[in-house]
file upload_5.txt (compact mmCIF, C-alpha atoms and all ligand atoms)
# COMPACT_ATOMS: atom_id res chain seq x y z
CA MET A 1 70.92 45.14 49.02
CA LYS A 2 74.33 45.16 47.31
CA GLN A 3 72.74 46.91 44.36
CA MET A 4 71.16 49.50 46.62
CA ILE A 5 74.49 50.28 48.31
CA SER A 6 76.15 50.49 44.93
CA ARG A 7 73.49 52.95 43.74
CA MET A 8 73.92 55.04 46.88
CA ALA A 9 77.69 55.08 46.34
CA GLN A 10 77.16 56.18 42.77
CA ALA A 11 74.81 58.92 43.90
CA ILE A 12 77.34 60.18 46.46
CA LEU A 13 80.18 60.12 43.93
CA ALA A 14 78.00 61.94 41.43
CA THR A 15 77.22 64.72 43.91
CA PRO A 16 78.95 67.87 42.79
CA ILE A 17 81.63 69.11 45.18
CA PHE A 18 79.86 72.41 45.84
CA VAL A 19 76.93 70.49 47.34
CA ILE A 20 79.23 68.51 49.63
CA TYR A 21 80.68 71.76 50.96
CA ALA A 22 77.40 73.66 51.12
CA ASN A 23 77.18 73.38 54.90
CA THR A 24 80.71 74.42 55.70
CA THR A 25 81.60 78.05 56.14
CA THR A 26 84.30 80.08 54.50
CA LEU A 27 86.05 82.92 56.32
CA GLY A 28 83.81 85.62 54.91
CA GLU A 29 80.64 83.80 55.96
CA LYS A 30 81.68 82.94 59.51
CA GLU A 31 79.66 84.74 62.13
CA TYR A 32 82.49 85.30 64.60
CA VAL A 33 86.24 84.96 64.26
CA CYS A 34 89.09 85.48 66.69
CA PRO A 35 90.51 89.02 66.75
CA LEU A 36 94.07 87.68 66.55
CA ASN A 37 95.70 84.83 64.61
CA ILE A 38 97.09 83.41 67.85
CA VAL A 39 95.51 81.90 70.95
CA ALA A 40 96.29 84.82 73.24
CA GLU A 41 97.23 84.78 76.91
CA ILE A 42 95.09 87.07 79.05
CA ARG A 43 97.34 89.79 80.46
CA LYS A 44 98.49 89.08 84.01
CA SER A 45 99.30 91.67 86.66
CA ASP A 46 102.29 93.81 85.74
CA ALA A 47 104.02 97.08 86.54
CA CYS A 48 101.35 99.04 84.64
CA ALA A 49 98.17 97.30 85.86
CA SER A 50 98.27 95.52 89.22
CA GLU A 51 95.15 93.48 88.47
CA GLY A 52 96.01 92.46 84.93
CA GLY A 53 93.71 92.42 81.94
CA GLY A 54 90.66 90.40 82.99
CA PHE A 55 87.05 91.47 82.63
CA ASP A 56 86.66 92.24 86.35
CA SER A 57 90.12 93.67 86.95
CA SER A 58 89.94 97.04 88.66
CA ARG A 59 91.35 100.21 87.19
CA LYS A 60 91.97 103.48 88.95
CA LYS A 61 90.99 106.63 87.19
CA GLY A 62 91.71 109.62 89.38
CA THR A 63 89.78 108.98 92.56
CA VAL A 64 87.35 106.60 90.87
CA THR A 65 87.86 102.87 90.93
CA ALA A 66 86.32 101.28 87.89
CA ARG A 67 86.37 97.85 86.35
CA HIS A 68 88.26 97.00 83.21
CA ARG A 69 85.19 95.37 81.53
CA SER A 70 87.40 94.37 78.62
CA LEU A 71 89.98 91.70 77.91
CA ASP A 72 93.66 92.42 77.32
CA LEU A 73 94.94 89.82 74.86
CA ASN A 74 98.71 89.58 74.89
CA ALA A 75 100.39 89.66 71.48
CA GLN A 76 103.61 90.86 69.94
CA GLU A 77 103.57 94.39 68.61
CA GLY A 78 102.55 94.26 64.95
CA GLU A 79 100.30 91.19 65.23
CA GLU A 80 97.32 91.68 62.89
CA ALA A 81 93.99 92.54 64.53
CA HIS A 82 90.67 91.55 62.95
CA ALA A 83 86.98 92.38 63.29
CA ILE A 84 85.34 89.68 65.41
CA HIS A 85 82.00 90.05 63.58
CA ALA A 86 80.66 91.83 60.51
CA GLY A 87 79.64 95.45 60.96
CA LYS A 88 80.15 99.12 60.19
CA VAL A 89 83.18 101.04 61.47
CA ILE A 90 82.11 104.01 63.59
CA VAL A 91 85.51 104.96 65.04
CA ALA A 92 88.94 104.46 63.44
CA ASP A 93 91.32 106.89 65.08
CA PRO A 94 95.10 106.58 65.65
CA GLN A 95 94.81 108.66 68.86
CA TRP A 96 91.21 108.43 69.96
CA GLU A 97 91.75 108.90 73.66
CA ASP A 98 94.66 109.07 76.14
CA ASN A 99 94.20 105.58 77.56
CA MET A 100 93.02 103.71 74.50
CA GLY A 101 95.33 105.26 71.89
CA GLY A 102 94.65 103.87 68.41
CA THR A 103 91.05 102.69 68.49
CA VAL A 104 88.53 101.02 66.20
CA ILE A 105 84.87 100.63 67.15
CA ILE A 106 82.45 98.56 65.08
CA ASP A 107 78.65 98.74 65.18
CA HIS A 108 77.56 95.16 64.46
CA GLY A 109 73.97 96.13 63.69
CA ASN A 110 72.55 93.63 66.20
CA GLY A 111 72.88 95.91 69.23
CA ASP A 112 76.46 94.84 69.97
CA TYR A 113 79.57 96.96 69.46
CA SER A 114 83.18 95.82 69.59
CA VAL A 115 86.00 98.12 70.67
CA TYR A 116 89.69 97.52 69.91
CA GLY A 117 92.31 99.59 71.71
CA HIS A 118 96.10 100.29 71.68
CA LEU A 119 96.22 99.65 67.91
CA LYS A 120 98.81 100.91 65.52
CA ASP A 121 98.67 101.05 61.70
CA ILE A 122 94.86 101.27 61.62
CA SER A 123 93.76 100.01 58.21
CA THR A 124 90.08 100.94 58.11
CA LYS A 125 88.00 104.10 58.43
CA PRO A 126 84.57 105.22 59.63
CA GLY A 127 81.71 104.11 57.40
CA VAL A 128 83.46 101.01 56.05
CA GLU A 129 81.42 97.79 56.17
CA LEU A 130 83.64 94.97 57.43
CA LYS A 131 83.25 91.22 57.31
CA ALA A 132 84.10 89.02 60.26
CA GLY A 133 87.87 88.62 60.06
CA SER A 134 88.57 91.83 58.12
CA LYS A 135 91.89 93.36 59.13
CA ILE A 136 91.50 96.55 61.15
CA GLY A 137 95.11 97.28 62.13
CA ALA A 138 97.90 95.86 64.25
CA VAL A 139 98.58 95.41 67.96
CA GLY A 140 100.56 98.35 69.28
CA TYR A 141 101.72 100.25 72.35
CA THR A 142 99.51 103.30 71.82
CA GLY A 143 97.68 105.20 74.57
CA ASN A 144 98.56 104.15 78.11
CA ALA A 145 100.12 100.94 76.74
CA GLN A 146 103.26 103.06 76.30
CA CYS A 147 103.85 102.16 79.96
CA LEU A 148 104.24 98.53 78.86
CA LYS A 149 106.81 99.42 76.25
CA ARG A 150 108.83 101.43 78.77
CA ASN A 151 108.82 98.42 81.09
CA GLY A 152 109.65 95.84 78.45
CA ILE A 153 106.26 94.09 78.78
CA ILE A 154 104.47 92.36 75.89
CA ALA A 155 101.84 94.43 74.03
CA HIS A 156 98.14 93.49 73.94
CA LEU A 157 94.87 94.07 72.16
CA HIS A 158 92.30 95.71 74.42
CA LEU A 159 88.97 94.12 73.38
CA MET A 160 85.62 95.28 74.69
CA VAL A 161 82.16 94.12 73.62
CA ILE A 162 79.31 96.47 74.50
CA ARG A 163 75.83 95.01 74.43
CA ALA A 164 73.70 98.11 73.93
CA GLY A 165 70.67 96.40 72.43
CA LYS A 166 70.42 99.04 69.75
CA SER A 167 72.34 99.89 66.58
CA GLY A 168 73.31 103.43 65.50
CA LEU A 169 74.61 104.79 68.83
CA GLY A 170 77.97 105.78 67.41
CA THR A 171 77.01 109.20 66.11
CA GLN A 172 78.66 112.38 67.37
CA GLY A 173 77.49 113.03 70.92
CA GLY A 174 75.92 109.57 71.10
CA PRO A 175 76.65 107.28 74.03
CA ILE A 176 79.28 105.23 72.25
CA ALA A 177 81.15 108.38 71.24
CA GLU A 178 80.94 109.49 74.90
CA LEU A 179 83.08 106.48 75.85
CA LYS A 180 85.99 108.62 74.76
CA LYS A 181 85.67 110.62 77.96
CA TRP A 182 86.17 107.51 80.02
CA GLY A 183 88.72 105.59 78.03
CA THR A 184 88.80 101.96 78.99
CA MET A 185 86.35 102.57 81.82
CA TRP A 186 82.73 101.73 82.01
CA GLN A 187 80.42 104.14 83.83
CA LYS A 188 76.68 103.92 84.32
CA GLU A 189 76.46 107.67 83.77
CA LEU A 190 76.78 107.13 80.05
CA GLY A 191 73.06 106.67 79.84
CA ALA A 192 70.23 104.21 79.93
CA ASP A 193 70.68 103.44 76.23
CA LEU A 194 73.61 101.22 77.02
CA THR A 195 73.20 97.92 78.78
CA GLY A 196 76.95 97.70 79.15
CA PRO A 197 80.01 95.68 78.35
CA ILE A 198 79.73 91.91 78.38
CA ASN A 199 82.58 89.48 78.80
CA PRO A 200 83.67 88.69 75.21
CA ASN A 201 83.95 85.10 76.43
CA LEU A 202 80.14 84.94 76.31
CA ILE A 203 80.08 85.19 72.54
CA MET A 204 83.60 84.07 71.60
CA GLY A 205 84.37 81.39 74.20
CA ASP A 206 83.77 78.40 71.93
CA LEU A 207 86.31 79.71 69.45
CA LYS A 208 89.17 79.49 71.97
CA CYS A 209 90.69 82.81 70.96
CA TRP A 210 92.42 83.11 74.34
CA LYS A 211 93.45 81.00 77.30
CA GLY A 212 93.28 81.66 81.01
CA ASP A 213 90.51 82.90 83.27
CA THR A 214 88.83 85.94 81.74
CA ASN A 215 87.11 86.93 84.98
CA LYS A 216 89.84 86.70 87.57
CA PRO A 217 92.18 89.64 87.88
ZN ZN B 1 92.67 96.87 78.58
call {"tool": "encode", "arguments": {"input": "upload_5.txt", "output": "structure tokens", "more": "lines below"}}
Ligand SMILES: [Zn+2]
result
Amino acid sequence: MKQMISRMAQAILATPIFVIYANTTTLGEKEYVCPLNIVAEIRKSDACASEGGGFDSSRKKGTVTARHRSLDLNAQEGEEAHAIHAGKVIVADPQWEDNMGGTVIIDHGNGDYSVYGHLKDISTKPGVELKAGSKIGAVGYTGNAQCLKRNGIIAHLHLMVIRAGKSGLGTQGGPIAELKKWGTMWQKELGADLTGPINPNLIMGDLKCWKGDTNKP
């Protein structure tokens, strides 16, 4: 028995280090990573959005009341923002739309798209293939987040995950590009191709990228 244990110990010690680490993941191989390097607070109600930055928070757009369908993740201006999952950049625009401001959209190839709004210093461009965790820009006060800056309120990353069930919808005139007309809003009218935004908590919850209730306004 002693001999057997000793042989096992020898075998373990003789195992090359790369085998021991074969089942762990490095940053580039991780499937999903947090979009920020901090555990973010979900935006609460403030002078610019009475229902805060939860998934179900309502937003007024003209006469239409819509739902936010995104998460606002509080962070200091300049905090680095990262791709949550590998994919191809389909939008990287410092002023994509009045509400969203600096925006990056990634087609993840699995039918999901992630949308990052109010960015500044965008550091990627359309067509680039990103890994999970690749830097895309920094948290800013662009688009309607300028209201926050005027009121001395912390900045945030606007994060939306659209589960469309189909890759390649980011082309000119395609339904993802049409989001531009609606800004942060979600409207059924965009077409049957899109299933719609899902709470990022559904795919990222285990990672604890944020704290607080993501559903409650
Ligand atoms: Zn938002």
call {"tool": "residues_around", "arguments": {"input": "upload_5.txt", "residues": "stretch 202-207 of chain A", "least_positions_apart": "2", "cutoff": "8 Å", "atoms": "only C-alpha atoms", "output": "JSON, numbers by chain"}}
result
{"A": [32, 33, 34, 198, 199, 200, 209]}
call {"tool": "closest_residue", "arguments": {"input": "upload_5.txt", "among": "A:Ala138, A:Ile176, A:Val89, A:Met160", "to": "ligand ZN 1 (chain B)", "atoms": "only C-alpha atoms and all ligand atoms"}}
result
A:Met160
call {"tool": "closest_residue", "arguments": {"input": "upload_5.txt", "among": "A:His108, A:Lys180, A:Lys208, A:Lys60", "to": "A:His85", "atoms": "all atoms listed in the file"}}
result
A:His108
call {"tool": "residues_near_ligand", "arguments": {"input": "upload_5.txt", "ligand": "ligand ZN 1 (chain B)", "cutoff": "10 Å", "atoms": "all atoms listed in the file", "output": "NGL selection string"}}
result
:A and (43 or 49 or 52-55 or 57 or 59 or 68-73 or 99-100 or 116-118 or 144-145 or 156-160 or 183-185)
call {"tool": "closest_residue", "arguments": {"input": "upload_5.txt", "among": "A:Lys30, A:Lys211, A:Arg163, A:Lys125", "to": "A:Ile84", "atoms": "only C-alpha atoms"}}
result
A:Lys30
call {"tool": "atom_distance", "arguments": {"input": "upload_5.txt", "atom1": "atom CA of A:Gly196", "atom2": "atom CA of A:Ala177"}}
result
13.9 Å
call {"tool": "closest_residue", "arguments": {"input": "upload_5.txt", "among": "A:His82, A:Trp96, A:Lys135, A:Val91", "to": "A:Thr171", "atoms": "all atoms listed in the file"}}
result
A:Val91
call {"tool": "atom_distance", "arguments": {"input": "upload_5.txt", "atom1": "atom CA of A:Lys181", "atom2": "atom CA of A:Arg67"}}
result
15.3 Å
call {"tool": "residues_around", "arguments": {"input": "upload_5.txt", "residues": "A:Ala81", "least_positions_apart": "4", "cutoff": "10 Å", "atoms": "only C-alpha atoms", "output": "list in words"}}
result
Cys34, Pro35, Leu36, Asn37, Ala75, Tyr116, Leu119, Lys120, Ile122, Ser123, Gly133, Ser134, Lys135, Ile136, Gly137, Ala138, Val139, Gly140 and Leu157 of chain A
call {"tool": "closest_residue", "arguments": {"input": "upload_5.txt", "among": "A:Gly127, A:Pro94, A:Gly212, A:Gly87", "to": "A:Thr142", "atoms": "all atoms listed in the file"}}
result
A:Pro94
call {"tool": "residues_around", "arguments": {"input": "upload_5.txt", "residues": "A:Asn151", "least_positions_apart": "6", "cutoff": "10 Å", "atoms": "only C-alpha atoms", "output": "ChimeraX atom specification"}}
result
/A:46-48
call {"tool": "axis_aligned_box", "arguments": {"input": "upload_5.txt", "around": "stretch 68-76 of chain A", "padding_each_side": "3 Å", "output": "lines of an AutoDock Vina configuration file"}}
result
center_x = 94.4
center_y = 93.3
center_z = 76.6
size_x = 24.4
size_y = 13.4
size_z = 19.3
call {"tool": "closest_residue", "arguments": {"input": "upload_5.txt", "among": "A:Ile90, A:Ala83, A:Ile154, A:Ile106", "to": "A:Pro126", "atoms": "all atoms listed in the file"}}
result
A:Ile90
call {"tool": "decode", "arguments": {"input": "upload_5.txt", "residues": "stretch 38-147 of chain A", "atoms": "C-alpha atoms", "output": "mmCIF file, in the first residue's frame"}}
result
data_model
loop_
_atom_site.group_PDB
_atom_site.id
_atom_site.type_symbol
_atom_site.label_atom_id
_atom_site.label_comp_id
_atom_site.auth_asym_id
_atom_site.auth_seq_id
_atom_site.Cartn_x
_atom_site.Cartn_y
_atom_site.Cartn_z
ATOM 1 C CA ILE A 38 -15.305 46.340 -11.072
ATOM 2 C CA VAL A 39 -18.419 44.796 -9.538
ATOM 3 C CA ALA A 40 -20.792 47.526 -10.672
ATOM 4 C CA GLU A 41 -23.819 48.941 -8.888
ATOM 5 C CA ILE A 42 -26.970 48.947 -11.004
ATOM 6 C CA ARG A 43 -27.983 52.562 -11.575
ATOM 7 C CA LYS A 44 -30.695 53.745 -9.196
ATOM 8 C CA SER A 45 -33.331 56.377 -9.924
ATOM 9 C CA ASP A 46 -31.843 59.816 -10.493
ATOM 10 C CA ALA A 47 -32.587 63.218 -11.977
ATOM 11 C CA CYS A 48 -32.159 61.850 -15.520
ATOM 12 C CA ALA A 49 -34.071 58.546 -15.249
ATOM 13 C CA SER A 50 -36.772 58.242 -12.596
ATOM 14 C CA GLU A 51 -36.797 54.440 -12.758
ATOM 15 C CA GLY A 52 -33.054 53.872 -12.781
ATOM 16 C CA GLY A 53 -31.118 51.451 -14.928
ATOM 17 C CA GLY A 54 -32.775 48.058 -14.434
ATOM 18 C CA PHE A 55 -33.921 45.728 -17.184
ATOM 19 C CA ASP A 56 -37.611 46.551 -16.670
ATOM 20 C CA SER A 57 -37.215 50.244 -15.907
ATOM 21 C CA SER A 58 -39.488 52.352 -18.076
ATOM 22 C CA ARG A 59 -38.240 55.017 -20.434
ATOM 23 C CA LYS A 60 -40.258 57.719 -22.114
ATOM 24 C CA LYS A 61 -39.587 58.404 -25.734
ATOM 25 C CA GLY A 62 -41.911 61.109 -26.993
ATOM 26 C CA THR A 63 -45.381 59.796 -26.300
ATOM 27 C CA VAL A 64 -44.236 56.185 -26.189
ATOM 28 C CA THR A 65 -43.399 54.467 -22.946
ATOM 29 C CA ALA A 66 -40.854 51.750 -23.501
ATOM 30 C CA ARG A 67 -38.774 49.540 -21.289
ATOM 31 C CA HIS A 68 -35.069 49.964 -20.793
ATOM 32 C CA ARG A 69 -34.311 46.272 -21.590
ATOM 33 C CA SER A 70 -30.667 46.914 -20.735
ATOM 34 C CA LEU A 71 -28.604 47.310 -17.594
ATOM 35 C CA ASP A 72 -26.904 50.543 -16.582
ATOM 36 C CA LEU A 73 -23.700 49.613 -14.754
ATOM 37 C CA ASN A 74 -22.354 52.491 -12.704
ATOM 38 C CA ALA A 75 -18.657 53.234 -13.151
ATOM 39 C CA GLN A 76 -16.337 56.200 -13.085
ATOM 40 C CA GLU A 77 -15.801 57.947 -16.384
ATOM 41 C CA GLY A 78 -12.781 56.362 -18.076
ATOM 42 C CA GLU A 79 -13.251 52.862 -16.624
ATOM 43 C CA GLU A 80 -12.253 50.334 -19.302
ATOM 44 C CA ALA A 81 -15.091 48.476 -21.035
ATOM 45 C CA HIS A 82 -14.624 44.961 -22.431
ATOM 46 C CA ALA A 83 -16.395 42.555 -24.776
ATOM 47 C CA ILE A 84 -18.396 40.091 -22.675
ATOM 48 C CA HIS A 85 -17.967 37.297 -25.251
ATOM 49 C CA ALA A 86 -15.970 36.674 -28.412
ATOM 50 C CA GLY A 87 -17.430 38.014 -31.639
ATOM 51 C CA LYS A 88 -17.245 40.379 -34.585
ATOM 52 C CA VAL A 89 -17.708 44.131 -34.182
ATOM 53 C CA ILE A 90 -20.594 45.387 -36.324
ATOM 54 C CA VAL A 91 -20.907 48.917 -34.909
ATOM 55 C CA ALA A 92 -18.136 51.065 -33.400
ATOM 56 C CA ASP A 93 -19.256 54.665 -33.592
ATOM 57 C CA PRO A 94 -18.388 57.606 -31.299
ATOM 58 C CA GLN A 95 -21.827 59.171 -31.964
ATOM 59 C CA TRP A 96 -24.064 56.373 -33.151
ATOM 60 C CA GLU A 97 -27.347 57.771 -31.950
ATOM 61 C CA ASP A 98 -28.634 60.658 -29.791
ATOM 62 C CA ASN A 99 -29.433 58.558 -26.733
ATOM 63 C CA MET A 100 -26.688 55.971 -26.890
ATOM 64 C CA GLY A 101 -23.780 58.203 -27.922
ATOM 65 C CA GLY A 102 -20.560 56.220 -28.380
ATOM 66 C CA THR A 103 -21.681 52.684 -29.172
ATOM 67 C CA VAL A 104 -20.151 49.286 -29.875
ATOM 68 C CA ILE A 105 -22.240 46.316 -31.025
ATOM 69 C CA ILE A 106 -20.805 42.815 -31.286
ATOM 70 C CA ASP A 107 -22.268 39.901 -33.255
ATOM 71 C CA HIS A 108 -21.310 36.845 -31.184
ATOM 72 C CA GLY A 109 -22.057 34.391 -33.983
ATOM 73 C CA ASN A 110 -24.381 32.307 -31.800
ATOM 74 C CA GLY A 111 -27.480 34.437 -32.387
ATOM 75 C CA ASP A 112 -26.693 36.819 -29.517
ATOM 76 C CA TYR A 113 -25.527 40.428 -29.871
ATOM 77 C CA SER A 114 -24.155 42.673 -27.149
ATOM 78 C CA VAL A 115 -24.594 46.450 -27.223
ATOM 79 C CA TYR A 116 -22.476 48.904 -25.205
ATOM 80 C CA GLY A 117 -23.599 52.521 -24.947
ATOM 81 C CA HIS A 118 -22.367 55.931 -23.659
ATOM 82 C CA LEU A 119 -18.752 54.953 -24.422
ATOM 83 C CA LYS A 120 -15.883 57.303 -25.008
ATOM 84 C CA ASP A 121 -12.463 56.548 -26.528
ATOM 85 C CA ILE A 122 -13.778 53.619 -28.604
ATOM 86 C CA SER A 123 -10.795 51.379 -29.339
ATOM 87 C CA THR A 124 -12.181 48.956 -31.911
ATOM 88 C CA LYS A 125 -13.803 49.167 -35.341
ATOM 89 C CA PRO A 126 -16.331 47.294 -37.485
ATOM 90 C CA GLY A 127 -15.082 43.958 -38.791
ATOM 91 C CA VAL A 128 -12.639 43.326 -35.942
ATOM 92 C CA GLU A 129 -12.851 39.874 -34.324
ATOM 93 C CA LEU A 130 -12.694 40.269 -30.550
ATOM 94 C CA LYS A 131 -12.005 37.789 -27.785
ATOM 95 C CA ALA A 132 -13.991 37.763 -24.569
ATOM 96 C CA GLY A 133 -12.406 40.503 -22.487
ATOM 97 C CA SER A 134 -10.986 42.537 -25.384
ATOM 98 C CA LYS A 135 -11.039 46.247 -24.623
ATOM 99 C CA ILE A 136 -13.638 48.145 -26.651
ATOM 100 C CA GLY A 137 -13.394 51.631 -25.115
ATOM 101 C CA ALA A 138 -14.087 53.443 -21.871
ATOM 102 C CA VAL A 139 -17.162 54.421 -19.869
ATOM 103 C CA GLY A 140 -18.232 57.930 -20.780
ATOM 104 C CA TYR A 141 -20.993 60.523 -20.640
ATOM 105 C CA THR A 142 -21.865 60.412 -24.339
ATOM 106 C CA GLY A 143 -25.395 60.555 -25.780
ATOM 107 C CA ASN A 144 -28.129 61.323 -23.259
ATOM 108 C CA ALA A 145 -25.715 60.471 -20.427
ATOM 109 C CA GLN A 146 -24.605 64.105 -20.730
ATOM 110 C CA CYS A 147 -27.576 64.750 -18.432
#
